[in-house]
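One file, protein-v5.cif, carrying mmCIF, C-alpha atoms:
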```cif
data_run
loop_
_atom_site.group_PDB
_atom_site.id
_atom_site.type_symbol
_atom_site.label_atom_id
_atom_site.label_comp_id
_atom_site.auth_asym_id
_atom_site.auth_seq_id
_atom_site.Cartn_x
_atom_site.Cartn_y
_atom_site.Cartn_z
ATOM 1 C CA MET A 1 21.690 17.199 -24.474
ATOM 2 C CA VAL A 2 24.594 18.939 -26.211
ATOM 3 C CA GLU A 3 28.389 18.810 -26.110
ATOM 4 C CA ALA A 4 28.497 21.314 -23.259
ATOM 5 C CA ASP A 5 26.578 18.818 -21.083
ATOM 6 C CA VAL A 6 29.180 16.041 -21.329
ATOM 7 C CA ASP A 7 30.899 17.020 -18.077
ATOM 8 C CA ALA A 8 27.528 16.989 -16.302
ATOM 9 C CA GLY A 9 26.818 13.553 -17.758
ATOM 10 C CA LEU A 10 30.136 12.345 -16.413
ATOM 11 C CA ARG A 11 29.317 13.688 -12.946
ATOM 12 C CA LEU A 12 26.115 11.634 -13.004
ATOM 13 C CA CYS A 13 28.094 8.559 -14.101
ATOM 14 C CA ARG A 14 30.546 8.999 -11.246
ATOM 15 C CA ALA A 15 27.733 9.447 -8.718
ATOM 16 C CA ALA A 16 26.120 6.218 -9.954
ATOM 17 C CA GLY A 17 29.402 4.270 -10.022
ATOM 18 C CA TRP A 18 29.198 3.789 -13.785
ATOM 19 C CA ASN A 19 32.166 3.187 -16.061
ATOM 20 C CA GLN A 20 31.655 5.583 -18.999
ATOM 21 C CA LEU A 21 34.147 8.178 -20.194
ATOM 22 C CA ALA A 22 33.584 11.410 -22.116
ATOM 23 C CA ALA A 23 34.239 9.570 -25.389
ATOM 24 C CA ASP A 24 31.232 7.339 -24.733
ATOM 25 C CA TRP A 25 28.934 10.328 -24.245
ATOM 26 C CA ARG A 26 30.294 11.857 -27.437
ATOM 27 C CA CYS A 27 29.494 8.646 -29.303
ATOM 28 C CA PHE A 28 25.834 9.101 -28.392
ATOM 29 C CA LEU A 29 25.880 12.776 -29.341
ATOM 30 C CA LYS A 30 27.587 12.084 -32.674
ATOM 31 C CA SER A 31 25.449 9.054 -33.574
ATOM 32 C CA SER A 32 22.143 10.513 -32.389
ATOM 33 C CA PRO A 33 22.496 14.287 -31.902
ATOM 34 C CA ALA A 34 18.759 14.782 -31.417
ATOM 35 C CA GLY A 35 18.372 11.610 -29.364
ATOM 36 C CA CYS A 36 20.097 12.555 -26.104
ATOM 37 C CA LEU A 37 18.232 14.307 -23.293
ATOM 38 C CA ALA A 38 19.191 16.363 -20.261
ATOM 39 C CA ALA A 39 16.859 17.361 -17.425
ATOM 40 C CA GLU A 40 17.713 20.682 -15.811
ATOM 41 C CA CYS A 41 16.750 22.554 -12.687
ATOM 42 C CA GLY A 42 18.066 26.058 -12.103
ATOM 43 C CA GLY A 43 20.510 25.646 -14.992
ATOM 44 C CA GLU A 44 22.011 22.466 -13.498
ATOM 45 C CA VAL A 45 21.756 19.096 -15.247
ATOM 46 C CA ILE A 46 20.045 16.676 -12.872
ATOM 47 C CA GLY A 47 19.299 13.790 -15.238
ATOM 48 C CA THR A 48 20.082 12.292 -18.628
ATOM 49 C CA ALA A 49 18.866 9.716 -21.133
ATOM 50 C CA ALA A 50 20.262 8.598 -24.472
ATOM 51 C CA THR A 51 18.879 6.777 -27.489
ATOM 52 C CA LEU A 52 20.328 5.094 -30.553
ATOM 53 C CA GLY A 53 18.611 3.944 -33.722
ATOM 54 C CA PHE A 54 19.902 0.809 -35.425
ATOM 55 C CA GLU A 55 18.747 1.146 -39.011
ATOM 56 C CA ARG A 56 14.953 1.080 -38.959
ATOM 57 C CA ARG A 57 15.041 -2.262 -37.169
ATOM 58 C CA PHE A 58 15.043 -1.182 -33.526
ATOM 59 C CA GLY A 59 15.895 1.659 -31.193
ATOM 60 C CA TRP A 60 17.945 1.530 -28.003
ATOM 61 C CA VAL A 61 17.454 3.391 -24.700
ATOM 62 C CA SER A 62 20.264 3.861 -22.186
ATOM 63 C CA MET A 63 22.076 6.261 -19.870
ATOM 64 C CA VAL A 64 18.953 7.013 -17.819
ATOM 65 C CA LEU A 65 20.629 8.729 -14.876
ATOM 66 C CA VAL A 66 19.396 11.031 -12.135
ATOM 67 C CA THR A 67 21.573 12.863 -9.628
ATOM 68 C CA PRO A 68 21.193 11.288 -6.152
ATOM 69 C CA GLU A 69 19.422 14.226 -4.507
ATOM 70 C CA TRP A 70 16.736 14.241 -7.215
ATOM 71 C CA ARG A 71 15.983 10.531 -7.266
ATOM 72 C CA GLY A 72 12.522 9.339 -6.288
ATOM 73 C CA ARG A 73 10.768 12.404 -7.737
ATOM 74 C CA GLY A 74 9.814 10.971 -11.118
ATOM 75 C CA ILE A 75 12.690 12.536 -13.074
ATOM 76 C CA GLY A 76 13.960 9.171 -14.333
ATOM 77 C CA SER A 77 10.490 8.083 -15.462
ATOM 78 C CA LEU A 78 9.985 11.407 -17.232
ATOM 79 C CA LEU A 79 13.307 11.067 -19.069
ATOM 80 C CA PHE A 80 12.469 7.491 -20.031
ATOM 81 C CA ARG A 81 9.084 8.510 -21.430
ATOM 82 C CA LYS A 82 10.711 11.294 -23.419
ATOM 83 C CA ALA A 83 13.274 8.814 -24.766
ATOM 84 C CA LEU A 84 10.478 6.498 -25.868
ATOM 85 C CA ASP A 85 8.843 9.454 -27.587
ATOM 86 C CA LEU A 86 12.049 10.091 -29.524
ATOM 87 C CA LEU A 87 11.958 6.477 -30.729
ATOM 88 C CA GLY A 88 8.219 6.507 -31.299
ATOM 89 C CA ASP A 89 8.464 5.575 -34.973
ATOM 90 C CA MET A 90 10.538 2.481 -34.192
ATOM 91 C CA GLU A 91 8.444 -0.688 -34.163
ATOM 92 C CA THR A 92 10.789 -2.305 -31.627
ATOM 93 C CA ILE A 93 12.667 -0.696 -28.739
ATOM 94 C CA ARG A 94 15.294 -2.544 -26.723
ATOM 95 C CA LEU A 95 17.363 -1.930 -23.594
ATOM 96 C CA ASP A 96 19.420 -3.673 -20.928
ATOM 97 C CA ALA A 97 18.072 -3.370 -17.390
ATOM 98 C CA THR A 98 19.235 -4.181 -13.894
ATOM 99 C CA PRO A 99 16.838 -6.413 -11.913
ATOM 100 C CA ALA A 100 15.531 -3.303 -10.140
ATOM 101 C CA GLY A 101 15.152 -1.440 -13.419
ATOM 102 C CA LYS A 102 13.306 -4.394 -14.937
ATOM 103 C CA GLN A 103 10.429 -3.839 -12.526
ATOM 104 C CA VAL A 104 10.091 -0.300 -13.884
ATOM 105 C CA TYR A 105 10.338 -1.284 -17.544
ATOM 106 C CA ASP A 106 7.812 -4.076 -17.082
ATOM 107 C CA LYS A 107 5.250 -1.332 -16.458
ATOM 108 C CA PHE A 108 6.085 0.234 -19.822
ATOM 109 C CA GLY A 109 5.274 -2.990 -21.657
ATOM 110 C CA PHE A 110 8.803 -4.363 -22.026
ATOM 111 C CA GLY A 111 9.367 -8.119 -22.000
ATOM 112 C CA GLU A 112 12.421 -10.199 -21.193
ATOM 113 C CA GLU A 113 14.626 -11.449 -24.017
ATOM 114 C CA TYR A 114 17.578 -13.038 -22.190
ATOM 115 C CA GLY A 115 19.872 -12.539 -19.237
ATOM 116 C CA ILE A 116 23.382 -11.076 -19.105
ATOM 117 C CA VAL A 117 25.974 -11.374 -16.368
ATOM 118 C CA ARG A 118 28.702 -8.832 -15.691
ATOM 119 C CA LEU A 119 31.987 -10.511 -14.821
ATOM 120 C CA ARG A 120 35.041 -8.756 -13.412
ATOM 121 C CA ALA A 121 38.678 -9.800 -13.200
ATOM 122 C CA ASN A 122 41.672 -8.094 -11.668
ATOM 123 C CA ALA A 123 44.568 -6.992 -13.863
ATOM 124 C CA GLY A 124 46.684 -9.801 -15.271
ATOM 125 C CA ALA A 125 43.873 -12.271 -16.014
ATOM 126 C CA ALA A 126 45.134 -15.658 -17.151
ATOM 127 C CA GLY A 127 44.128 -15.093 -20.762
ATOM 128 C CA ALA A 128 47.683 -14.017 -21.568
ATOM 129 C CA GLN A 129 48.739 -17.673 -21.428
ATOM 130 C CA ALA A 130 46.338 -18.866 -24.139
ATOM 131 C CA GLU A 131 47.242 -19.579 -27.760
ATOM 132 C CA ARG A 132 46.526 -16.950 -30.404
ATOM 133 C CA GLY A 133 45.544 -19.470 -33.077
ATOM 134 C CA SER A 134 44.087 -17.665 -36.093
ATOM 135 C CA VAL A 135 43.458 -14.375 -34.248
ATOM 136 C CA ARG A 136 45.234 -11.217 -35.383
ATOM 137 C CA ALA A 137 44.910 -7.463 -34.995
ATOM 138 C CA LEU A 138 42.032 -5.825 -36.864
ATOM 139 C CA SER A 139 42.802 -3.002 -39.282
ATOM 140 C CA GLN A 140 40.588 -0.031 -40.066
ATOM 141 C CA ALA A 141 40.312 -1.164 -43.683
ATOM 142 C CA GLU A 142 38.583 -4.341 -42.488
ATOM 143 C CA LEU A 143 35.829 -2.598 -40.519
ATOM 144 C CA ALA A 144 33.334 -2.810 -43.405
ATOM 145 C CA GLY A 145 33.603 -6.597 -43.422
ATOM 146 C CA ILE A 146 33.319 -6.761 -39.637
ATOM 147 C CA ARG A 147 30.242 -4.530 -39.804
ATOM 148 C CA GLU A 148 28.488 -6.917 -42.199
ATOM 149 C CA PHE A 149 29.502 -10.000 -40.197
ATOM 150 C CA ASP A 150 28.214 -8.374 -37.020
ATOM 151 C CA ARG A 151 24.899 -7.300 -38.559
ATOM 152 C CA GLY A 152 23.622 -10.870 -38.750
ATOM 153 C CA VAL A 153 24.457 -11.475 -35.075
ATOM 154 C CA PHE A 154 23.420 -8.176 -33.501
ATOM 155 C CA GLY A 155 20.309 -7.910 -35.658
ATOM 156 C CA ALA A 156 21.107 -4.549 -37.279
ATOM 157 C CA ASP A 157 23.989 -2.429 -38.496
ATOM 158 C CA ARG A 158 25.793 -0.819 -35.549
ATOM 159 C CA GLY A 159 28.674 0.598 -37.526
ATOM 160 C CA ALA A 160 28.734 3.854 -35.543
ATOM 161 C CA VAL A 161 29.293 1.959 -32.297
ATOM 162 C CA LEU A 162 31.968 -0.292 -33.822
ATOM 163 C CA ASP A 163 33.746 2.731 -35.300
ATOM 164 C CA HIS A 164 33.679 4.390 -31.866
ATOM 165 C CA LEU A 165 35.199 1.347 -30.188
ATOM 166 C CA PHE A 166 37.885 0.927 -32.817
ATOM 167 C CA SER A 167 38.889 4.589 -32.872
ATOM 168 C CA ASN A 168 39.143 4.876 -29.077
ATOM 169 C CA ALA A 169 40.742 1.520 -28.253
ATOM 170 C CA PRO A 170 42.234 -0.088 -31.384
ATOM 171 C CA GLU A 171 44.475 -2.274 -29.231
ATOM 172 C CA TYR A 172 41.436 -4.387 -28.311
ATOM 173 C CA ALA A 173 40.270 -4.922 -31.889
ATOM 174 C CA SER A 174 41.025 -8.366 -33.294
ATOM 175 C CA VAL A 175 39.624 -10.724 -35.897
ATOM 176 C CA ALA A 176 39.606 -14.520 -36.226
ATOM 177 C CA GLU A 177 39.762 -15.970 -39.731
ATOM 178 C CA THR A 178 39.885 -19.308 -41.495
ATOM 179 C CA ASN A 179 41.054 -19.322 -45.111
ATOM 180 C CA GLY A 180 40.300 -15.624 -45.386
ATOM 181 C CA SER A 181 36.742 -15.906 -44.020
ATOM 182 C CA ILE A 182 35.778 -14.066 -40.843
ATOM 183 C CA ARG A 183 34.869 -16.365 -37.985
ATOM 184 C CA GLY A 184 34.660 -13.749 -35.265
ATOM 185 C CA PHE A 185 35.927 -10.472 -33.878
ATOM 186 C CA ALA A 186 36.452 -8.708 -30.569
ATOM 187 C CA MET A 187 36.630 -5.072 -29.503
ATOM 188 C CA GLY A 188 36.840 -3.208 -26.228
ATOM 189 C CA ARG A 189 37.062 0.205 -24.667
ATOM 190 C CA HIS A 190 38.632 2.113 -21.815
ATOM 191 C CA GLY A 191 36.572 2.924 -18.742
ATOM 192 C CA TYR A 192 36.774 4.974 -15.578
ATOM 193 C CA LEU A 193 36.712 1.947 -13.262
ATOM 194 C CA ALA A 194 37.819 -0.877 -15.560
ATOM 195 C CA GLU A 195 38.567 -1.836 -19.128
ATOM 196 C CA HIS A 196 35.540 -3.285 -20.937
ATOM 197 C CA ILE A 197 36.016 -6.204 -23.330
ATOM 198 C CA GLY A 198 33.163 -6.523 -25.806
ATOM 199 C CA PRO A 199 31.602 -7.160 -28.125
ATOM 200 C CA ILE A 200 32.969 -10.628 -28.739
ATOM 201 C CA VAL A 201 31.099 -12.080 -31.717
ATOM 202 C CA ALA A 202 32.027 -15.511 -33.014
ATOM 203 C CA GLU A 203 30.686 -18.494 -34.926
ATOM 204 C CA ASP A 204 31.557 -20.843 -32.068
ATOM 205 C CA GLU A 205 32.869 -20.858 -28.530
ATOM 206 C CA ALA A 206 36.360 -22.007 -29.481
ATOM 207 C CA THR A 207 36.751 -18.907 -31.631
ATOM 208 C CA ALA A 208 35.344 -16.706 -28.847
ATOM 209 C CA ARG A 209 37.899 -18.148 -26.433
ATOM 210 C CA ALA A 210 40.757 -17.398 -28.817
ATOM 211 C CA LEU A 211 39.555 -13.816 -29.252
ATOM 212 C CA ALA A 212 39.166 -13.327 -25.501
ATOM 213 C CA ALA A 213 42.634 -14.710 -24.848
ATOM 214 C CA VAL A 214 44.184 -12.119 -27.141
ATOM 215 C CA ALA A 215 42.108 -9.224 -25.769
ATOM 216 C CA LEU A 216 43.028 -10.092 -22.197
ATOM 217 C CA ARG A 217 46.727 -9.688 -22.901
ATOM 218 C CA VAL A 218 46.304 -5.927 -23.121
ATOM 219 C CA PRO A 219 44.951 -4.586 -19.797
ATOM 220 C CA ALA A 220 47.001 -3.705 -16.768
ATOM 221 C CA ARG A 221 43.758 -2.688 -15.033
ATOM 222 C CA PRO A 222 40.618 -4.503 -13.857
ATOM 223 C CA VAL A 223 38.529 -5.878 -16.722
ATOM 224 C CA ILE A 224 34.787 -6.387 -17.138
ATOM 225 C CA VAL A 225 32.955 -8.618 -19.598
ATOM 226 C CA ASP A 226 29.163 -8.608 -20.011
ATOM 227 C CA ALA A 227 28.316 -12.148 -21.106
ATOM 228 C CA PRO A 228 24.866 -13.287 -22.278
ATOM 229 C CA LEU A 229 23.638 -16.284 -20.292
ATOM 230 C CA HIS A 230 23.630 -18.669 -23.248
ATOM 231 C CA SER A 231 26.540 -20.946 -22.435
ATOM 232 C CA THR A 232 27.544 -22.452 -19.110
ATOM 233 C CA SER A 233 30.874 -23.610 -20.560
ATOM 234 C CA TRP A 234 31.708 -20.063 -21.687
ATOM 235 C CA ARG A 235 31.111 -18.708 -18.209
ATOM 236 C CA LYS A 236 33.189 -21.512 -16.713
ATOM 237 C CA TYR A 237 35.985 -20.627 -19.122
ATOM 238 C CA LEU A 238 35.897 -16.999 -18.002
ATOM 239 C CA ALA A 239 35.799 -18.068 -14.359
ATOM 240 C CA GLY A 240 38.945 -20.081 -14.985
ATOM 241 C CA LEU A 241 40.618 -16.883 -16.192
ATOM 242 C CA GLY A 242 39.824 -15.203 -12.891
ATOM 243 C CA PHE A 243 36.463 -13.580 -13.675
ATOM 244 C CA ALA A 244 33.842 -13.413 -10.927
ATOM 245 C CA GLU A 245 30.166 -12.509 -11.195
ATOM 246 C CA GLU A 246 29.425 -8.912 -10.230
ATOM 247 C CA ARG A 247 25.826 -8.207 -11.295
ATOM 248 C CA LEU A 248 23.034 -9.297 -13.611
ATOM 249 C CA PHE A 249 21.233 -7.502 -16.424
ATOM 250 C CA VAL A 250 18.178 -8.394 -18.457
ATOM 251 C CA ARG A 251 17.922 -7.623 -22.173
ATOM 252 C CA MET A 252 14.374 -6.407 -22.768
ATOM 253 C CA PHE A 253 12.261 -5.339 -25.729
ATOM 254 C CA ARG A 254 8.943 -3.788 -26.606
ATOM 255 C CA GLY A 255 7.367 -4.518 -29.968
ATOM 256 C CA SER A 256 7.731 -7.464 -32.319
ATOM 257 C CA ASN A 257 11.498 -7.866 -31.923
ATOM 258 C CA ALA A 258 11.511 -8.997 -35.537
ATOM 259 C CA HIS A 259 15.299 -8.659 -35.782
ATOM 260 C CA PRO A 260 16.800 -10.376 -32.720
ATOM 261 C CA GLY A 261 19.911 -11.445 -34.621
ATOM 262 C CA ARG A 262 21.706 -14.553 -33.408
ATOM 263 C CA PRO A 263 22.299 -14.034 -29.691
ATOM 264 C CA CYS A 264 23.986 -17.421 -29.300
ATOM 265 C CA ARG A 265 26.923 -16.025 -31.307
ATOM 266 C CA GLN A 266 27.339 -12.938 -29.131
ATOM 267 C CA PHE A 267 29.660 -14.035 -26.334
ATOM 268 C CA ALA A 268 30.112 -10.543 -24.884
ATOM 269 C CA ILE A 269 28.001 -7.468 -25.518
ATOM 270 C CA ALA A 270 29.357 -3.981 -26.165
ATOM 271 C CA GLY A 271 27.785 -2.919 -22.845
ATOM 272 C CA PRO A 272 24.308 -2.162 -21.542
ATOM 273 C CA GLU A 273 24.559 1.358 -22.938
ATOM 274 C CA PHE A 274 25.435 0.271 -26.492
ATOM 275 C CA GLY A 275 23.763 -3.119 -26.874
#
```
Since I need it in another form, could you write the structure as C-alpha cells?
Amino acid sequence: MVEADVDAGLRLCRAAGWNQLAADWRCFLKSSPAGCLAAECGGEVIGTAATLGFERRFGWVSMVLVTPEWRGRGIGSLLFRKALDLLGDMETIRLDATPAGKQVYDKFGFGEEYGIVRLRANAGAAGAQAERGSVRALSQAELAGIREFDRGVFGADRGAVLDHLFSNAPEYASVAETNGSIRGFAMGRHGYLAEHIGPIVAEDEATARALAAVALRVPARPVIVDAPLHSTSWRKYLAGLGFAEERLFVRMFRGSNAHPGRPCRQFAIAGPEFG
C-alpha cells in the first residue's frame, strides 16, 4: 500500500462503518511504509491490511478490510496471512478482534488476553462538570517523558503513534502530575463518525477520571472510548457521564507475550487499529 491508495482505504472504511480518517492511514504508511498491504483486482483496491512494529517486542495487525462485494472469497484471510508474514520475525503478534473476528484468529493460533468495550456518548457528555485537579495541557516538549511513562504500561515504545495523536489533535492531549512527577496522560483523535478519546494511561482510577473529565470538555460531536474490562467502577463512572456500550473487542496475541505491560493502568486504548 502506498500514499496513492489512501483514498481507496478510506472508501473501505466508509463501507465498513469505521471511524478512521486519512491521517490515520498516513500514520501507518509513515510508521511502517513496507508494512501496509493492498489487494487489487483490475487496478481497483479491494482490500487492505496494516502492521506496526513496537520495538522488537511485538507486532500489531489491523485494518484488515475487504470491499463488500469481495467478502467471503478468502481475500481477508489472504491479507491477514501476508500481514503475519511481514511480522514473521516478531516473537509475539497482537491484535484487537471483534467477537466474529476472534473465531477467525483462533484458527491462526491467537489466544485471548483481555476484553475491551467500546462506549459511545453524545456530544456534551457530563465530563465538563468535573474538577480539573492536577491535569493540564500537554506540550510537545513533554512528549519524551510521556513516551517513557507509557512504555511501561503499553509494553513497548509507541512513540510514533503518540506523536501522530498529538500532532493531529493536540487539544485532547493532557497530563496529570504530582510534585512534577507524571501520574497519567490522555490523548485523542478526530474521526469520521465520532471523536475518539484514548489512550488514557494513569497510575490509578482517580487520575484517569480527572484526565477523562478534561478531555470530554472538548468535543461538540459524539465521543467513543475503548475501555479495557479491568474495572467495573471505571465503566460505571463512564456510564454516569452518558456513555453506553456499543460493541466488544478482544485483545489477542500469538507467541509468548513476554511484554504485556501493565494493562490495569490503561483505562482507554488508542483504538483497535493502534493498540
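Here atom CA of Ala15 of chain A and atom CA of Ser77 of chain A stand 18.6 Å from one another.
One distance worth recording is that between atom CA of His196 of chain A and atom CA of Val223 of chain A, which is 5.8 Å.
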Return as a list in words the set of residues that the PyMOL selection byres ((chain A and resi 211) around 8) yields on the displayed structure. Arg132, Val135, Ser174, Val175, Ala176, Gly184, Phe185, Ala186, Ile200, Thr207, Ala208, Arg209, Ala210, Ala212, Ala213, Val214 and Ala215 of chain A
Counting all atoms listed in the file, what is within 7 Å of Ala38 of chain A, bar same-chain residues fewer than 4 positions away, as JSON, numbers by chain? {"A": [1, 45, 47, 48, 49]}
Using only C-alpha atoms, which residue out of A:Ser31, A:Thr178, A:Thr51, A:Ser139 lies closest to Val64 of chain A? A:Thr51
Identify, on the basis of all atoms listed in the file, every residue whose closest approach to Glu44 of chain A does not exceed 10 Å; exclude the query and any residue fewer than 5 positions from it along the same chain; express the result as a PyMOL selection string. chain A and resi 5+8+38-39
Produce a table with one row for each residue of segment 61-120 of chain A that has an atom at most 12 Å from any atom of segment 234-254 of chain A, each row naming the nearest atom pair and its distance in Å at one decimal; use only C-alpha atoms; arrange rows by chain and rising residue number; format as a Markdown table.
```
| residue | atom | partner | partner_atom | distance |
| --- | --- | --- | --- | --- |
| A:Val61 | CA | A:Phe253 | CA | 10.2 |
| A:Ser62 | CA | A:Arg251 | CA | 11.7 |
| A:Leu84 | CA | A:Arg254 | CA | 10.4 |
| A:Leu87 | CA | A:Arg254 | CA | 11.5 |
| A:Gly88 | CA | A:Arg254 | CA | 11.3 |
| A:Met90 | CA | A:Arg254 | CA | 10.0 |
| A:Glu91 | CA | A:Arg254 | CA | 8.2 |
| A:Thr92 | CA | A:Arg254 | CA | 5.6 |
| A:Ile93 | CA | A:Arg254 | CA | 5.3 |
| A:Arg94 | CA | A:Phe253 | CA | 4.2 |
| A:Leu95 | CA | A:Met252 | CA | 5.4 |
| A:Asp96 | CA | A:Arg251 | CA | 4.4 |
| A:Ala97 | CA | A:Val250 | CA | 5.1 |
| A:Thr98 | CA | A:Phe249 | CA | 4.6 |
| A:Pro99 | CA | A:Phe249 | CA | 6.4 |
| A:Ala100 | CA | A:Phe249 | CA | 9.5 |
| A:Gly101 | CA | A:Phe249 | CA | 9.1 |
| A:Lys102 | CA | A:Val250 | CA | 7.2 |
| A:Gln103 | CA | A:Val250 | CA | 10.8 |
| A:Val104 | CA | A:Met252 | CA | 11.6 |
| A:Tyr105 | CA | A:Met252 | CA | 8.4 |
| A:Asp106 | CA | A:Met252 | CA | 9.0 |
| A:Lys107 | CA | A:Arg254 | CA | 11.1 |
| A:Phe108 | CA | A:Arg254 | CA | 8.4 |
| A:Gly109 | CA | A:Arg254 | CA | 6.2 |
| A:Phe110 | CA | A:Arg254 | CA | 4.6 |
| A:Gly111 | CA | A:Met252 | CA | 5.3 |
| A:Glu112 | CA | A:Met252 | CA | 4.5 |
| A:Glu113 | CA | A:Met252 | CA | 5.2 |
| A:Tyr114 | CA | A:Arg251 | CA | 5.4 |
| A:Gly115 | CA | A:Val250 | CA | 4.5 |
| A:Ile116 | CA | A:Phe249 | CA | 5.0 |
| A:Val117 | CA | A:Leu248 | CA | 4.5 |
| A:Arg118 | CA | A:Arg247 | CA | 5.3 |
| A:Leu119 | CA | A:Glu245 | CA | 4.5 |
| A:Arg120 | CA | A:Phe243 | CA | 5.0 |
```
Can you write just those residues out, C-alpha atoms, as a compact mmCIF listing (two decimals), keeping the file's coordinate frame?
```txt
# COMPACT_ATOMS: atom_id res chain seq x y z
CA VAL A 61 17.45 3.39 -24.70
CA SER A 62 20.26 3.86 -22.19
CA LEU A 84 10.48 6.50 -25.87
CA LEU A 87 11.96 6.48 -30.73
CA GLY A 88 8.22 6.51 -31.30
CA MET A 90 10.54 2.48 -34.19
CA GLU A 91 8.44 -0.69 -34.16
CA THR A 92 10.79 -2.31 -31.63
CA ILE A 93 12.67 -0.70 -28.74
CA ARG A 94 15.29 -2.54 -26.72
CA LEU A 95 17.36 -1.93 -23.59
CA ASP A 96 19.42 -3.67 -20.93
CA ALA A 97 18.07 -3.37 -17.39
CA THR A 98 19.24 -4.18 -13.89
CA PRO A 99 16.84 -6.41 -11.91
CA ALA A 100 15.53 -3.30 -10.14
CA GLY A 101 15.15 -1.44 -13.42
CA LYS A 102 13.31 -4.39 -14.94
CA GLN A 103 10.43 -3.84 -12.53
CA VAL A 104 10.09 -0.30 -13.88
CA TYR A 105 10.34 -1.28 -17.54
CA ASP A 106 7.81 -4.08 -17.08
CA LYS A 107 5.25 -1.33 -16.46
CA PHE A 108 6.08 0.23 -19.82
CA GLY A 109 5.27 -2.99 -21.66
CA PHE A 110 8.80 -4.36 -22.03
CA GLY A 111 9.37 -8.12 -22.00
CA GLU A 112 12.42 -10.20 -21.19
CA GLU A 113 14.63 -11.45 -24.02
CA TYR A 114 17.58 -13.04 -22.19
CA GLY A 115 19.87 -12.54 -19.24
CA ILE A 116 23.38 -11.08 -19.10
CA VAL A 117 25.97 -11.37 -16.37
CA ARG A 118 28.70 -8.83 -15.69
CA LEU A 119 31.99 -10.51 -14.82
CA ARG A 120 35.04 -8.76 -13.41
```
Excluding segment 145-149 of chain A and residues on its chain fewer than 6 positions from it, collect all residues at most 9 Å away from it, counting all atoms listed in the file, and give them as a ChimeraX atom specification. /A:157-159,162,175,182-185,201
Using the chain letters and numbering of this document, enumerate as a ChimeraX atom specification the residues selected by the PyMOL selection byres ((chain A and resi 259) around 9). /A:57-58,92,154-156,256-258,260-261
How about saving the chosen residues, C-alpha atoms kept, as a PDB file, in the coordinates of the input?
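Result saved to again-v7.pdb:
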```pdb
ATOM      1  CA  ARG A  57      15.041  -2.262 -37.169  1.00  0.00           C
ATOM      2  CA  PHE A  58      15.043  -1.182 -33.526  1.00  0.00           C
ATOM      3  CA  THR A  92      10.789  -2.305 -31.627  1.00  0.00           C
ATOM      4  CA  PHE A 154      23.420  -8.176 -33.501  1.00  0.00           C
ATOM      5  CA  GLY A 155      20.309  -7.910 -35.658  1.00  0.00           C
ATOM      6  CA  ALA A 156      21.107  -4.549 -37.279  1.00  0.00           C
ATOM      7  CA  SER A 256       7.731  -7.464 -32.319  1.00  0.00           C
ATOM      8  CA  ASN A 257      11.498  -7.866 -31.923  1.00  0.00           C
ATOM      9  CA  ALA A 258      11.511  -8.997 -35.537  1.00  0.00           C
ATOM     10  CA  PRO A 260      16.800 -10.376 -32.720  1.00  0.00           C
ATOM     11  CA  GLY A 261      19.911 -11.445 -34.621  1.00  0.00           C
TER      12      GLY A 261
END
```
Produce a table with one row for each residue of segment 132-243 of chain A that has an atom at most 12 Å from any atom of segment 17-29 of chain A, each row naming the nearest atom pair and its distance in Å at one decimal; use only C-alpha atoms; arrange rows by chain and rising residue number; format as JSON lines.
```
{"residue": "A:Arg158", "atom": "CA", "partner": "A:Cys27", "partner_atom": "CA", "distance": 11.9}
{"residue": "A:Gly159", "atom": "CA", "partner": "A:Cys27", "partner_atom": "CA", "distance": 11.5}
{"residue": "A:Ala160", "atom": "CA", "partner": "A:Cys27", "partner_atom": "CA", "distance": 7.9}
{"residue": "A:Val161", "atom": "CA", "partner": "A:Cys27", "partner_atom": "CA", "distance": 7.3}
{"residue": "A:Leu162", "atom": "CA", "partner": "A:Cys27", "partner_atom": "CA", "distance": 10.3}
{"residue": "A:Asp163", "atom": "CA", "partner": "A:Cys27", "partner_atom": "CA", "distance": 9.4}
{"residue": "A:His164", "atom": "CA", "partner": "A:Cys27", "partner_atom": "CA", "distance": 6.5}
{"residue": "A:Leu165", "atom": "CA", "partner": "A:Asp24", "partner_atom": "CA", "distance": 9.0}
{"residue": "A:Phe166", "atom": "CA", "partner": "A:Cys27", "partner_atom": "CA", "distance": 11.9}
{"residue": "A:Ser167", "atom": "CA", "partner": "A:Ala23", "partner_atom": "CA", "distance": 10.1}
{"residue": "A:Asn168", "atom": "CA", "partner": "A:Ala23", "partner_atom": "CA", "distance": 7.7}
{"residue": "A:Ala169", "atom": "CA", "partner": "A:Ala23", "partner_atom": "CA", "distance": 10.7}
{"residue": "A:Arg189", "atom": "CA", "partner": "A:Asp24", "partner_atom": "CA", "distance": 9.2}
{"residue": "A:His190", "atom": "CA", "partner": "A:Leu21", "partner_atom": "CA", "distance": 7.7}
{"residue": "A:Gly191", "atom": "CA", "partner": "A:Asn19", "partner_atom": "CA", "distance": 5.2}
{"residue": "A:Tyr192", "atom": "CA", "partner": "A:Asn19", "partner_atom": "CA", "distance": 5.0}
{"residue": "A:Leu193", "atom": "CA", "partner": "A:Asn19", "partner_atom": "CA", "distance": 5.5}
{"residue": "A:Ala194", "atom": "CA", "partner": "A:Asn19", "partner_atom": "CA", "distance": 7.0}
{"residue": "A:Glu195", "atom": "CA", "partner": "A:Asn19", "partner_atom": "CA", "distance": 8.7}
{"residue": "A:His196", "atom": "CA", "partner": "A:Asn19", "partner_atom": "CA", "distance": 8.8}
{"residue": "A:Pro222", "atom": "CA", "partner": "A:Asn19", "partner_atom": "CA", "distance": 11.6}
{"residue": "A:Val223", "atom": "CA", "partner": "A:Asn19", "partner_atom": "CA", "distance": 11.1}
{"residue": "A:Ile224", "atom": "CA", "partner": "A:Asn19", "partner_atom": "CA", "distance": 10.0}
```
